[in-house]
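Asks: structure_23.txt is reproduced below (compact mmCIF, C-alpha atoms).
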# COMPACT_ATOMS: atom_id res chain seq x y z
CA MET G 285 -13.10 -8.66 -25.23
CA LEU G 286 -13.86 -5.81 -27.65
CA GLY G 287 -11.58 -7.13 -30.39
CA ALA G 288 -10.56 -3.64 -31.54
CA PHE G 289 -9.13 -0.43 -30.17
CA PRO G 290 -12.08 1.50 -28.71
CA GLU G 291 -13.58 4.54 -30.38
CA LYS G 292 -15.08 5.67 -27.08
CA VAL G 293 -14.10 5.00 -23.47
CA LEU G 294 -15.83 5.74 -20.18
CA LEU G 295 -13.99 4.96 -16.95
CA LYS G 296 -15.95 5.26 -13.71
CA CYS G 297 -13.85 5.18 -10.53
CA SER G 298 -14.58 5.27 -6.83
CA GLY G 299 -13.33 8.35 -5.04
CA ASN G 300 -10.41 6.54 -3.44
CA ILE G 301 -9.18 5.27 -6.79
CA LEU G 302 -9.32 8.79 -8.23
CA LYS G 303 -7.54 10.09 -5.11
CA ASN G 304 -4.77 7.53 -5.22
CA VAL G 305 -3.99 7.88 -8.92
CA LYS G 306 -4.42 11.63 -9.37
CA SER G 307 -0.88 12.68 -8.48
CA VAL G 308 1.20 9.54 -8.90
CA THR G 309 3.68 8.99 -11.74
CA VAL G 310 2.73 6.01 -13.90
CA PRO G 311 5.56 3.46 -14.29
CA ASN G 312 7.14 2.98 -17.73
CA THR G 313 5.49 6.10 -19.19
CA GLU G 314 8.42 8.55 -19.10
CA GLY G 315 6.89 10.57 -16.29
CA LEU G 316 3.22 10.74 -17.23
CA ILE G 317 0.98 11.44 -14.23
CA GLY G 318 -2.57 10.64 -13.27
CA ILE G 319 -5.57 8.50 -14.00
CA ARG G 320 -6.06 9.37 -17.68
CA ALA G 321 -2.43 8.48 -18.39
CA SER G 322 -2.91 5.19 -16.51
CA MET G 323 -6.08 4.39 -18.42
CA LEU G 324 -4.57 5.17 -21.83
CA ALA G 325 -1.35 3.30 -21.12
CA GLY G 326 -3.40 0.23 -20.28
CA LEU G 327 -5.58 0.57 -23.37
CA VAL G 328 -2.66 1.06 -25.75
CA GLY G 329 0.00 -1.28 -24.38
CA GLY G 330 -1.38 -3.17 -21.40
CA GLN G 331 -0.63 -6.89 -21.18
CA VAL G 332 -3.66 -8.63 -19.66
CA ASN G 333 -1.69 -11.71 -18.57
CA LYS G 334 0.70 -9.57 -16.51
CA LYS G 335 -1.97 -8.65 -13.93
CA MET G 336 -0.35 -6.18 -11.48
CA GLU G 337 2.53 -5.63 -13.93
CA VAL G 338 0.13 -4.84 -16.77
CA LEU G 339 2.21 -1.80 -17.86
CA SER G 340 5.62 -3.50 -17.67
CA GLN G 341 6.07 -3.96 -21.43
CA LEU G 342 5.08 -0.56 -22.80
CA THR G 343 7.14 0.38 -25.86
CA GLN G 344 8.25 3.72 -27.27
CA GLU G 345 5.66 3.27 -30.02
CA ASP G 346 2.98 2.76 -27.37
CA LEU G 347 4.02 5.94 -25.57
CA VAL G 348 3.78 8.01 -28.76
CA VAL G 349 0.15 6.90 -29.12
CA VAL G 350 -0.60 7.44 -25.43
CA LYS G 351 0.73 11.01 -25.56
CA GLU G 352 -1.26 11.77 -28.70
CA LEU G 353 -4.44 10.52 -27.02
CA LEU G 354 -3.62 12.52 -23.90
CA ASP G 355 -3.24 15.67 -25.97
CA CYS G 356 -6.75 15.28 -27.35
CA LYS G 357 -8.15 14.19 -23.95
CA PHE G 358 -9.40 10.89 -25.32
CA GLY G 359 -11.81 9.06 -23.03
CA ASP G 360 -14.19 10.22 -20.33
CA LEU G 361 -13.68 9.95 -16.58
CA GLU G 362 -16.44 9.92 -13.98
CA LEU G 363 -16.69 9.65 -10.22
CA LEU G 364 -18.48 6.39 -9.42
CA GLU G 365 -21.05 6.74 -6.64
CA THR G 366 -20.35 3.63 -4.56
CA GLU G 367 -19.81 2.53 -0.97
CA ILE G 368 -16.90 0.34 -2.10
CA ASN G 369 -13.54 2.11 -1.78
CA LEU G 370 -11.83 0.14 -4.56
CA HIS G 371 -14.33 0.05 -7.42
CA LEU G 372 -13.97 0.63 -11.18
CA ILE G 373 -16.25 0.22 -14.19
CA MET G 374 -14.87 0.64 -17.71
CA ILE G 375 -17.08 0.78 -20.80
CA VAL G 376 -15.47 0.68 -24.24
CA THR G 377 -17.15 0.83 -27.65
CA ALA G 378 -16.10 0.25 -31.25
CA GLY G 379 -18.65 0.33 -34.05
CA GLN G 380 -21.73 -1.56 -32.89
CA ASP G 381 -19.89 -3.43 -30.14
CA SER G 382 -19.49 -2.45 -26.51
CA VAL G 383 -17.85 -4.13 -23.52
CA LEU G 384 -18.22 -3.40 -19.79
CA VAL G 385 -15.72 -4.66 -17.22
CA GLU G 386 -16.14 -4.12 -13.47
CA ILE G 387 -13.58 -4.51 -10.67
CA LYS G 388 -14.42 -4.51 -6.94
CA TYR G 389 -12.52 -4.71 -3.65
CA ASN G 390 -9.23 -6.00 -5.06
CA HIS G 391 -7.09 -4.63 -7.89
CA THR G 392 -7.33 -7.86 -9.92
CA ASN G 393 -10.83 -8.97 -8.86
CA ILE G 394 -12.82 -8.71 -12.10
CA CYS G 395 -16.37 -9.43 -10.99
CA ARG G 396 -18.39 -8.65 -14.14
CA ILE G 397 -17.89 -8.66 -17.92
CA GLU G 398 -20.65 -7.81 -20.38
CA LYS G 399 -20.53 -7.62 -24.19
CA ASN G 400 -23.29 -5.84 -26.08
CA GLY G 401 -25.42 -5.88 -22.94
CA LYS G 402 -25.14 -9.66 -22.40
CA SER G 403 -23.33 -11.23 -19.47
CA VAL G 404 -20.06 -12.94 -20.38
CA TYR G 405 -18.75 -13.42 -16.84
CA ARG G 406 -20.03 -12.67 -13.38
CA ASN G 407 -18.72 -13.46 -9.90
CA ASP G 408 -20.58 -11.89 -7.00
CA ASP G 409 -19.31 -14.38 -4.43
CA ASN G 410 -17.02 -11.77 -2.90
CA ASP G 411 -19.55 -8.95 -2.64
CA ASP G 412 -19.82 -9.29 1.13
CA LYS G 413 -16.08 -9.01 1.66
CA TYR G 414 -14.31 -5.75 2.31
CA LEU G 415 -10.63 -6.57 2.03
CA GLY G 416 -8.23 -7.84 -0.56
CA SER G 417 -7.70 -11.55 -0.73
CA PHE G 418 -11.08 -12.46 0.78
CA THR G 419 -9.52 -14.52 3.56
CA ASP G 420 -10.86 -14.50 7.11
CA ARG G 421 -8.46 -12.25 9.02
CA SER G 422 -10.57 -11.99 12.15
CA VAL G 423 -8.35 -14.68 13.72
CA LEU G 424 -5.34 -12.35 13.76
CA ASN G 425 -4.08 -10.91 17.03
CA VAL G 426 -0.69 -9.66 18.20
CA LYS G 427 -0.01 -12.57 20.58
CA ASP G 428 -0.65 -15.27 17.98
CA ILE G 429 1.29 -13.34 15.31
CA TYR G 430 4.25 -13.14 17.71
CA GLU G 431 4.09 -16.86 18.46
CA PHE G 432 3.69 -17.70 14.76
CA ALA G 433 6.76 -15.62 13.86
CA ASN G 434 8.76 -17.58 16.43
CA ILE G 435 7.81 -21.08 15.28
CA ILE G 436 6.98 -20.97 11.54
CA PRO G 437 9.49 -23.11 9.57
CA LEU G 438 11.38 -20.65 7.39
CA ASN G 439 11.10 -22.84 4.30
CA VAL G 440 7.32 -22.23 4.33
CA LEU G 441 7.64 -18.47 3.73
CA GLY G 442 11.30 -18.24 2.79
CA GLU G 443 10.82 -17.66 -0.93
CA LEU G 444 8.33 -14.83 -0.42
CA ILE G 445 10.40 -13.14 2.30
CA THR G 446 13.58 -13.46 0.23
CA GLN G 447 11.81 -11.75 -2.66
CA GLN G 448 10.56 -8.98 -0.38
CA ILE G 449 14.08 -8.31 0.88
CA ASP G 450 15.54 -8.33 -2.62
CA TYR G 451 12.91 -6.18 -4.34
CA ASN G 452 12.28 -3.64 -1.61
CA ILE G 453 15.93 -2.96 -0.82
CA LYS G 454 16.72 -2.59 -4.53
CA ILE G 455 14.14 0.17 -4.95
CA ALA G 456 15.45 1.85 -1.79
CA GLU G 457 18.95 1.86 -3.26
CA ALA G 458 17.57 3.16 -6.56
CA GLY G 459 15.81 5.95 -4.67
CA LEU G 460 19.03 6.94 -2.93
CA ALA G 461 20.97 6.91 -6.21
CA GLY G 462 18.37 8.61 -8.41
CA ASN G 463 16.48 11.87 -8.61
CA TYR G 464 12.99 11.27 -7.25
CA GLY G 465 10.59 13.67 -5.53
CA VAL G 466 12.53 16.03 -3.27
CA ASN G 467 15.23 13.42 -2.62
CA ILE G 468 14.32 13.10 1.03
CA GLY G 469 16.38 9.92 1.44
CA GLN G 470 19.54 11.52 0.08
CA THR G 471 18.92 14.60 2.20
CA LEU G 472 18.54 12.57 5.39
CA LEU G 473 21.67 10.53 4.71
CA GLY G 474 23.55 13.72 3.93
CA ILE G 475 23.22 14.66 7.60
CA GLY G 476 25.66 11.95 8.63
CA GLY G 477 26.63 10.03 5.52
CA ARG G 478 27.90 6.53 6.22
CA ASP G 479 28.10 7.41 9.90
CA ALA G 480 24.47 8.57 10.11
CA PRO G 481 22.62 7.25 13.19
CA LEU G 482 20.70 4.02 12.67
CA GLN G 483 17.37 5.81 13.09
CA VAL G 484 18.30 8.20 10.26
CA LYS G 485 19.40 5.35 7.97
CA ILE G 486 16.11 3.57 8.55
CA LYS G 487 14.14 6.68 7.58
CA ALA G 488 16.42 7.50 4.63
CA TYR G 489 16.26 4.08 2.96
CA THR G 490 12.52 3.73 3.50
CA ALA G 491 11.67 7.23 2.34
CA ALA G 492 13.92 6.84 -0.71
CA ALA G 493 12.11 3.64 -1.70
CA SER G 494 8.73 5.35 -1.34
CA GLU G 495 9.80 8.38 -3.38
CA ALA G 496 11.08 6.16 -6.16
CA ARG G 497 7.86 4.16 -6.12
CA MET G 498 5.67 7.27 -6.21
CA SER G 499 7.78 8.97 -8.88
CA GLY G 500 7.49 6.29 -11.56
CA CYS G 501 10.42 3.97 -10.84
CA ALA G 502 9.66 0.74 -12.71
CA LEU G 503 11.31 -1.58 -10.20
CA PRO G 504 8.86 -4.06 -8.62
CA VAL G 505 7.87 -3.96 -4.95
CA ILE G 506 6.43 -6.63 -2.68
CA THR G 507 3.29 -4.94 -1.38
CA ASN G 508 1.34 -5.34 1.84
CA SER G 509 -2.46 -5.05 1.99
CA GLY G 510 -2.57 -3.80 -1.59
CA SER G 511 -0.03 -1.00 -1.18
CA GLY G 512 3.56 -0.65 -2.34
CA ASN G 513 4.22 2.07 0.22
CA GLN G 514 2.89 -0.18 2.99
CA GLY G 515 5.05 -3.03 1.73
CA ILE G 516 8.07 -0.74 1.79
CA ALA G 517 7.40 0.72 5.25
CA THR G 518 6.67 -2.74 6.63
CA SER G 519 9.94 -4.25 5.41
CA VAL G 520 12.75 -1.79 4.68
CA PRO G 521 13.15 -0.51 8.28
CA VAL G 522 13.37 -4.09 9.54
CA ILE G 523 15.93 -5.05 6.89
CA VAL G 524 18.11 -1.99 7.52
CA TYR G 525 17.99 -2.49 11.29
CA ALA G 526 18.90 -6.19 11.07
CA ARG G 527 21.79 -5.59 8.69
CA GLU G 528 23.19 -2.68 10.66
CA GLN G 529 23.03 -4.75 13.85
CA GLY G 530 24.59 -7.81 12.20
CA LEU G 531 21.63 -10.05 13.00
CA SER G 532 21.20 -13.51 11.52
CA GLU G 533 19.16 -14.20 8.40
CA GLU G 534 16.75 -16.29 10.47
CA LYS G 535 16.15 -13.43 12.90
CA LEU G 536 15.53 -11.02 10.00
CA TYR G 537 13.09 -13.41 8.35
CA ARG G 538 11.13 -13.89 11.56
CA GLY G 539 11.09 -10.14 12.12
CA LEU G 540 9.63 -9.64 8.65
CA VAL G 541 6.96 -12.28 9.25
CA LEU G 542 5.97 -10.39 12.40
CA SER G 543 5.98 -6.99 10.71
CA ASN G 544 4.00 -8.10 7.64
CA LEU G 545 1.31 -9.82 9.69
CA LEU G 546 1.01 -6.90 12.11
CA THR G 547 0.39 -4.55 9.17
CA ILE G 548 -2.22 -6.90 7.73
CA HIS G 549 -3.84 -7.13 11.17
CA GLN G 550 -4.09 -3.34 11.53
CA LYS G 551 -5.31 -2.84 7.97
CA THR G 552 -8.06 -5.45 8.32
CA LEU G 553 -10.31 -3.08 10.27
CA ILE G 554 -9.18 0.03 8.39
CA GLY G 555 -9.70 -1.35 4.88
CA ARG G 556 -7.50 -1.16 1.81
CA LEU G 557 -8.31 2.47 1.01
CA SER G 558 -9.36 5.16 3.47
CA ALA G 559 -8.54 8.65 4.72
CA PHE G 560 -6.08 7.08 7.19
CA CYS G 561 -2.46 6.98 5.99
CA GLY G 562 -1.43 3.33 5.67
CA GLY G 563 2.17 4.35 6.22
CA VAL G 564 1.28 4.80 9.89
CA SER G 565 0.09 1.19 10.21
CA ALA G 566 3.12 -0.16 8.36
CA SER G 567 5.62 1.99 10.28
CA CYS G 568 3.99 0.98 13.56
CA SER G 569 4.45 -2.67 12.57
CA SER G 570 8.08 -2.28 11.57
CA GLY G 571 8.74 -0.43 14.84
CA ALA G 572 7.27 -3.40 16.70
CA ALA G 573 9.43 -5.75 14.62
CA ILE G 574 12.52 -3.72 15.53
CA THR G 575 11.59 -4.23 19.19
CA TYR G 576 11.38 -7.95 18.41
CA LEU G 577 14.78 -7.93 16.71
CA ALA G 578 16.24 -6.09 19.70
CA GLY G 579 15.17 -8.95 21.95
CA GLY G 580 12.01 -7.32 23.21
CA SER G 581 9.26 -9.36 24.81
CA LEU G 582 5.66 -9.61 23.65
CA GLU G 583 4.75 -6.98 26.22
CA GLU G 584 7.40 -4.61 24.89
CA ILE G 585 6.12 -5.19 21.36
CA ASN G 586 2.64 -4.28 22.59
CA LEU G 587 4.02 -1.11 24.19
CA THR G 588 5.74 -0.14 20.93
CA ILE G 589 2.45 -0.45 19.06
CA ARG G 590 0.55 1.44 21.76
CA ASN G 591 3.08 4.29 21.88
CA THR G 592 3.06 4.67 18.09
CA LEU G 593 -0.72 4.68 17.80
CA ALA G 594 -0.96 7.18 20.66
CA ASN G 595 1.23 9.53 18.64
CA VAL G 596 0.61 9.54 14.89
CA SER G 597 -2.84 8.00 14.38
CA GLY G 598 -4.86 10.27 12.13
CA ILE G 599 -2.32 11.32 9.49
CA ILE G 600 -4.53 11.76 6.43
CA CYS G 601 -4.18 9.97 3.12
CA ASP G 602 -4.57 12.47 0.28
CA GLY G 603 -3.53 10.09 -2.46
CA ALA G 604 -0.37 8.45 -3.71
CA LYS G 605 2.42 10.93 -4.48
CA PRO G 606 6.08 11.67 -3.60
CA SER G 607 5.19 13.32 -0.28
CA CYS G 608 4.02 9.92 0.98
CA ALA G 609 7.74 9.39 1.68
CA ALA G 610 7.74 12.26 4.17
CA LYS G 611 4.69 10.85 5.96
CA ILE G 612 6.42 7.49 6.22
CA ALA G 613 9.60 9.14 7.56
CA SER G 614 7.56 10.97 10.20
CA SER G 615 5.73 7.78 11.14
CA LEU G 616 9.04 5.92 11.43
CA ASP G 617 10.32 8.67 13.72
CA ALA G 618 7.35 7.98 15.97
CA ALA G 619 7.73 4.21 15.69
CA TYR G 620 11.44 4.25 16.55
CA MET G 621 10.86 6.56 19.50
CA SER G 622 8.09 4.21 20.61
CA HIS G 623 10.51 1.29 20.38
CA VAL G 624 13.06 3.09 22.56
CA LEU G 625 10.40 3.98 25.12
CA ALA G 626 9.04 0.44 25.16
CA MET G 627 12.48 -1.07 25.73
CA SER G 628 12.72 1.19 28.78
CA GLY G 629 9.33 -0.03 30.00
CA ARG G 630 7.66 3.29 29.30
CA SER G 631 4.36 3.77 27.53
CA TYR G 632 1.20 5.84 27.40
CA GLN G 633 -1.61 4.46 29.50
CA PRO G 634 -5.07 3.10 28.73
CA GLY G 635 -7.52 5.97 28.82
CA ASP G 636 -5.04 8.39 27.24
CA GLY G 637 -7.13 9.51 24.28
CA ILE G 638 -8.27 6.50 22.26
CA LEU G 639 -5.92 4.02 23.99
CA LYS G 640 -7.79 1.06 25.44
CA ASN G 641 -7.11 -1.54 28.13
CA ASN G 642 -5.31 -3.97 25.83
CA ILE G 643 -3.55 -3.86 22.50
CA GLU G 644 -6.34 -5.56 20.53
CA GLU G 645 -8.92 -3.06 21.77
CA THR G 646 -6.54 -0.22 20.88
CA ILE G 647 -5.99 -1.54 17.35
CA ALA G 648 -9.77 -1.91 16.98
CA ALA G 649 -10.29 1.66 18.21
CA VAL G 650 -7.88 3.02 15.60
CA GLY G 651 -9.68 0.92 12.99
CA ARG G 652 -12.98 2.55 14.00
CA VAL G 653 -11.48 6.02 13.72
CA ALA G 654 -10.07 5.23 10.27
CA CYS G 655 -12.98 3.28 8.79
CA LYS G 656 -15.98 5.03 10.34
CA GLY G 657 -14.81 8.28 11.90
CA MET G 658 -12.81 9.45 8.90
CA LYS G 659 -15.40 8.61 6.25
CA ASN G 660 -16.54 12.24 5.97
CA THR G 661 -12.90 13.34 6.07
CA ASP G 662 -12.25 11.08 3.08
CA THR G 663 -15.17 12.60 1.18
CA GLU G 664 -13.88 16.13 1.76
CA ILE G 665 -10.32 15.18 0.79
CA ILE G 666 -11.60 13.75 -2.50
CA LYS G 667 -13.71 16.85 -3.18
CA ILE G 668 -10.71 19.13 -2.52
CA MET G 669 -8.44 17.05 -4.75
CA LEU G 670 -10.94 17.04 -7.62
CA GLU G 671 -11.38 20.83 -7.55
CA GLU G 672 -9.90 22.53 -10.58
Could you express the structure from this file as C-alpha cells?
Replies:
Amino acid sequence: MLGAFPEKVLLKCSGNILKNVKSVTVPNTEGLIGIRASMLAGLVGGQVNKKMEVLSQLTQEDLVVVKELLDCKFGDLELLETEINLHLIMIVTAGQDSVLVEIKYNHTNICRIEKNGKSVYRNDDNDDKYLGSFTDRSVLNVKDIYEFANIIPLNVLGELITQQIDYNIKIAEAGLAGNYGVNIGQTLLGIGGRDAPLQVKIKAYTAAASEARMSGCALPVITNSGSGNQGIATSVPVIVYAREQGLSEEKLYRGLVLSNLLTIHQKTLIGRLSAFCGGVSASCSSGAAITYLAGGSLEEINLTIRNTLANVSGIICDGAKPSCAAKIASSLDAAYMSHVLAMSGRSYQPGDGILKNNIEETIAAVGRVACKGMKNTDTEIIKIMLEE
C-alpha cells in the first residue's frame, strides 16, 4: 500500500502477541528471535499472497538487510492497550505518505487499511466475534463430536486429515533428527530406543515436533485453533498410537476428526490466546482420541477428559518458545494416565475441585478459569516478560 520501503515504522501489539513472539525463533531467518525480527523479516521479504507462509521465500539478500536493520534497532514497538488478545496495528511512513493496517481476532483478518488518513478498506463485521474463523461453535459438544467422528464420510475431510498426518509427522521426525531446544524428544527416546514404551514414544514424537516448531524449523504444520503447537499435540499422539497399534487408516482418520474437534470445542470458551496453556487442551483431546482408538465408549472418552482436566488445568502460557515442548510432554503424561484410568472405569468425581456434574459443564468451568479467572494472571505474565 505504501509503494516504497518505509522510512519509519510503528508496530503496536496486544500483550498476548508480544508474549507469544518474544522468545520464539522466526522461521527462515537463520535463528533470529523475537517480534522485531518478525516485523523486519516481513517488511523486507514478506510475500503478501502467502498469508500464513508470508516468510517462506526470504532470501540471503533479504536476511542481510534484516540483520542490518536489527543492528540499528529500526522501527518502534509499543504495547497496544486493547481488550482483544490478538490485535495489531502497523503504521509505516515514507516521505509524505503513510499507511495504517490493523488486524483483529485472527492472524489474517485485516479489518482496516488507511492511506494518508483516508480509509481504503474497512471490515468491522467481525468485531463482535472472539475466535478465529468467526463460525458459530456453540453447537459443539462431546457427544455430537463423537457421533460425527463415527459417521462422517472420510472423503469429506480426507484431504485435510491426510495433510495433517503428513506435515505434522514430518516435523516430528525432523525434531528427532535435528538439534532443537534441549532435544527433549531425543532424550525421551534414548530411555528405551526403538523398544521405548508407547507412552514414551507418544511424548517423544510430539515434544520433538513442538521443539522444532518453536526453534525455527521451516517445515509447515497443520494448526488447530490458530496454534501450531495445538495442532501438533492434537494430532501426533493419535498418529503415533494408531501406527504403533497397527490400526486401520479409517480408524486413525476418525480418531483425528474426534481429537481436532475436541480441541476446537475446548478452545472456544478459552479463546485463541490466554494465560492458559493450549497444549493442555490439545493433549486432553488426543488422550480422549486414544481412548476412542482403543475401543473406548463415549463414557470412557468423557472420563479421559475429566481426569485430564482434574489434573493439569492451569498450566500457564508464558509465550511460544522451546519449553512449550516440555509442557506438552507433561500434559500428555496426564492425558495418557487419564486414558488408562478411564479404560479401567476410574475417574475423579463431580465436586472434586472444579469438576462439574457432566463433561460439558466441566469444559465450561475450565473455560471460565482460563478466560476470566486467569485474565489478571495473563497481565502479570506479560509485565514480567517485558521487564528488561
Asks: As a PDB file with C-alpha atoms, in the frame of the given file, please: the residues near range 598-602 of chain G (cut-off 12 Å, all atoms listed in the file, same-chain neighbours under 3 positions excluded).
Replies:
ATOM      1  CA  GLY G 299     -13.330   8.350  -5.040  1.00  0.00           C
ATOM      2  CA  ASN G 300     -10.410   6.540  -3.440  1.00  0.00           C
ATOM      3  CA  ILE G 301      -9.180   5.270  -6.790  1.00  0.00           C
ATOM      4  CA  LEU G 302      -9.320   8.790  -8.230  1.00  0.00           C
ATOM      5  CA  LYS G 303      -7.540  10.090  -5.110  1.00  0.00           C
ATOM      6  CA  ASN G 304      -4.770   7.530  -5.220  1.00  0.00           C
ATOM      7  CA  VAL G 305      -3.990   7.880  -8.920  1.00  0.00           C
ATOM      8  CA  LYS G 306      -4.420  11.630  -9.370  1.00  0.00           C
ATOM      9  CA  SER G 307      -0.880  12.680  -8.480  1.00  0.00           C
ATOM     10  CA  VAL G 308       1.200   9.540  -8.900  1.00  0.00           C
ATOM     11  CA  ASN G 513       4.220   2.070   0.220  1.00  0.00           C
ATOM     12  CA  ILE G 554      -9.180   0.030   8.390  1.00  0.00           C
ATOM     13  CA  ARG G 556      -7.500  -1.160   1.810  1.00  0.00           C
ATOM     14  CA  LEU G 557      -8.310   2.470   1.010  1.00  0.00           C
ATOM     15  CA  SER G 558      -9.360   5.160   3.470  1.00  0.00           C
ATOM     16  CA  ALA G 559      -8.540   8.650   4.720  1.00  0.00           C
ATOM     17  CA  PHE G 560      -6.080   7.080   7.190  1.00  0.00           C
ATOM     18  CA  CYS G 561      -2.460   6.980   5.990  1.00  0.00           C
ATOM     19  CA  GLY G 562      -1.430   3.330   5.670  1.00  0.00           C
ATOM     20  CA  GLY G 563       2.170   4.350   6.220  1.00  0.00           C
ATOM     21  CA  VAL G 564       1.280   4.800   9.890  1.00  0.00           C
ATOM     22  CA  SER G 565       0.090   1.190  10.210  1.00  0.00           C
ATOM     23  CA  THR G 592       3.060   4.670  18.090  1.00  0.00           C
ATOM     24  CA  LEU G 593      -0.720   4.680  17.800  1.00  0.00           C
ATOM     25  CA  ALA G 594      -0.960   7.180  20.660  1.00  0.00           C
ATOM     26  CA  ASN G 595       1.230   9.530  18.640  1.00  0.00           C
ATOM     27  CA  LYS G 605       2.420  10.930  -4.480  1.00  0.00           C
ATOM     28  CA  PRO G 606       6.080  11.670  -3.600  1.00  0.00           C
ATOM     29  CA  SER G 607       5.190  13.320  -0.280  1.00  0.00           C
ATOM     30  CA  CYS G 608       4.020   9.920   0.980  1.00  0.00           C
ATOM     31  CA  ALA G 610       7.740  12.260   4.170  1.00  0.00           C
ATOM     32  CA  LYS G 611       4.690  10.850   5.960  1.00  0.00           C
ATOM     33  CA  ILE G 612       6.420   7.490   6.220  1.00  0.00           C
ATOM     34  CA  SER G 614       7.560  10.970  10.200  1.00  0.00           C
ATOM     35  CA  SER G 615       5.730   7.780  11.140  1.00  0.00           C
ATOM     36  CA  ILE G 638      -8.270   6.500  22.260  1.00  0.00           C
ATOM     37  CA  ALA G 649     -10.290   1.660  18.210  1.00  0.00           C
ATOM     38  CA  VAL G 650      -7.880   3.020  15.600  1.00  0.00           C
ATOM     39  CA  GLY G 651      -9.680   0.920  12.990  1.00  0.00           C
ATOM     40  CA  ARG G 652     -12.980   2.550  14.000  1.00  0.00           C
ATOM     41  CA  VAL G 653     -11.480   6.020  13.720  1.00  0.00           C
ATOM     42  CA  ALA G 654     -10.070   5.230  10.270  1.00  0.00           C
ATOM     43  CA  CYS G 655     -12.980   3.280   8.790  1.00  0.00           C
ATOM     44  CA  GLY G 657     -14.810   8.280  11.900  1.00  0.00           C
ATOM     45  CA  MET G 658     -12.810   9.450   8.900  1.00  0.00           C
ATOM     46  CA  LYS G 659     -15.400   8.610   6.250  1.00  0.00           C
ATOM     47  CA  THR G 661     -12.900  13.340   6.070  1.00  0.00           C
ATOM     48  CA  ASP G 662     -12.250  11.080   3.080  1.00  0.00           C
ATOM     49  CA  THR G 663     -15.170  12.600   1.180  1.00  0.00           C
ATOM     50  CA  GLU G 664     -13.880  16.130   1.760  1.00  0.00           C
ATOM     51  CA  ILE G 665     -10.320  15.180   0.790  1.00  0.00           C
ATOM     52  CA  ILE G 666     -11.600  13.750  -2.500  1.00  0.00           C
ATOM     53  CA  LYS G 667     -13.710  16.850  -3.180  1.00  0.00           C
ATOM     54  CA  ILE G 668     -10.710  19.130  -2.520  1.00  0.00           C
ATOM     55  CA  MET G 669      -8.440  17.050  -4.750  1.00  0.00           C
ATOM     56  CA  LEU G 670     -10.940  17.040  -7.620  1.00  0.00           C
TER      57      LEU G 670
END
Asks: Would you pick out the contacts of range 419-435 of chain G at 10 Å or less, using only C-alpha atoms, so that residues sharing its chain but fewer than 3 positions from it are not included, and give the list as a ChimeraX atom specification?
Replies: /G:413,415-416,438,535,537-546,548-553,573,576,581-583,585-586,589,643-644,647
Asks: Range 451-457 of chain G: which residues within 9 Å, counting only C-alpha atoms, same-chain residues fewer than 6 positions away excluded, as a ChimeraX atom specification?
Replies: /G:469,488-497,501-506,515-516,519-520,523-524
Asks: For the selection you just gave me, I'd like the residues written to a file as an mmCIF file, keeping the file's coordinate frame, keeping C-alpha atoms.
Replies:
data_model
loop_
_atom_site.group_PDB
_atom_site.id
_atom_site.type_symbol
_atom_site.label_atom_id
_atom_site.label_comp_id
_atom_site.auth_asym_id
_atom_site.auth_seq_id
_atom_site.Cartn_x
_atom_site.Cartn_y
_atom_site.Cartn_z
ATOM 1 C CA GLY G 469 16.380 9.920 1.440
ATOM 2 C CA ALA G 488 16.420 7.500 4.630
ATOM 3 C CA TYR G 489 16.260 4.080 2.960
ATOM 4 C CA THR G 490 12.520 3.730 3.500
ATOM 5 C CA ALA G 491 11.670 7.230 2.340
ATOM 6 C CA ALA G 492 13.920 6.840 -0.710
ATOM 7 C CA ALA G 493 12.110 3.640 -1.700
ATOM 8 C CA SER G 494 8.730 5.350 -1.340
ATOM 9 C CA GLU G 495 9.800 8.380 -3.380
ATOM 10 C CA ALA G 496 11.080 6.160 -6.160
ATOM 11 C CA ARG G 497 7.860 4.160 -6.120
ATOM 12 C CA CYS G 501 10.420 3.970 -10.840
ATOM 13 C CA ALA G 502 9.660 0.740 -12.710
ATOM 14 C CA LEU G 503 11.310 -1.580 -10.200
ATOM 15 C CA PRO G 504 8.860 -4.060 -8.620
ATOM 16 C CA VAL G 505 7.870 -3.960 -4.950
ATOM 17 C CA ILE G 506 6.430 -6.630 -2.680
ATOM 18 C CA GLY G 515 5.050 -3.030 1.730
ATOM 19 C CA ILE G 516 8.070 -0.740 1.790
ATOM 20 C CA SER G 519 9.940 -4.250 5.410
ATOM 21 C CA VAL G 520 12.750 -1.790 4.680
ATOM 22 C CA ILE G 523 15.930 -5.050 6.890
ATOM 23 C CA VAL G 524 18.110 -1.990 7.520
#
Asks: Grab the CA of Pro634 in chain G to CA of Gly580 in chain G distance for me, in Å with one decimal place.
Replies: 20.8 Å
Asks: In Å to one decimal, how far is CA of Pro290 in chain G from CA of Ala378 in chain G?
Replies: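 These two atoms are separated by 4.9 Å.
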Asks: Out of G:Gly530, G:Gly359, G:Pro481, G:Gly287, which residue has the shortest atom-to-atom distance to Ser322 in chain G when counting all atoms listed in the file?
Replies: G:Gly359
Asks: Counting all atoms listed in the file, figure out which residue out of G:Glu365, G:Ala480, G:Gln331, G:Arg320 gets nearest to Lys351 in chain G.
Replies: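 Among the listed residues, the smallest separation from Lys351 in chain G belongs to G:Arg320.
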Asks: Considering all atoms listed in the file, can you say which of G:Gly637, G:Lys656, G:Leu587, G:Ala572 comes closest to Tyr620 in chain G?
Replies: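 Comparing G:Gly637, G:Lys656, G:Leu587, G:Ala572 against Tyr620 in chain G, the winner is G:Ala572.
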Asks: Report as JSON the centre and the edge lengths, in Å to one decimal, of the axis-aligned box holding every listed atom of range 392-397 of chain G, padded by 5 Å on each side.
Replies:
{"center_x": -12.9, "center_y": -8.6, "center_z": -13.4, "size_x": 21.1, "size_y": 11.6, "size_z": 19.1}
Asks: Grab the CA of Gly401 in chain G to CA of Gly379 in chain G distance for me, in Å with one decimal place.
Replies: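 Taking CA of Gly401 in chain G and CA of Gly379 in chain G, their separation equals 14.4 Å.
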Asks: Measuring between all atoms listed in the file, which one of G:Ser569, G:Asn333, G:Ser298, G:Gln447 shows the shortest distance to Ile319 in chain G?
Replies: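 Checking each of G:Ser569, G:Asn333, G:Ser298, G:Gln447 against Ile319 in chain G, counting all atoms listed in the file, the winner is G:Ser298.
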Asks: Can you tell me, as a count of residues only, what residues are no more than 10 Å from Asp360 in chain G when counting all atoms listed in the file, ignoring any on the same chain fewer than 3 positions away?
Replies: 9
Asks: Which polymer residues, whether protein, DNA or RNA, lie within 8 Å of the coordinate (-6.1, -11.3, -15.4) when you count only C-alpha atoms? List them as number ranges by chain, using the chain letters and numbers from the file.
Replies: G: 332-335, 392, 394
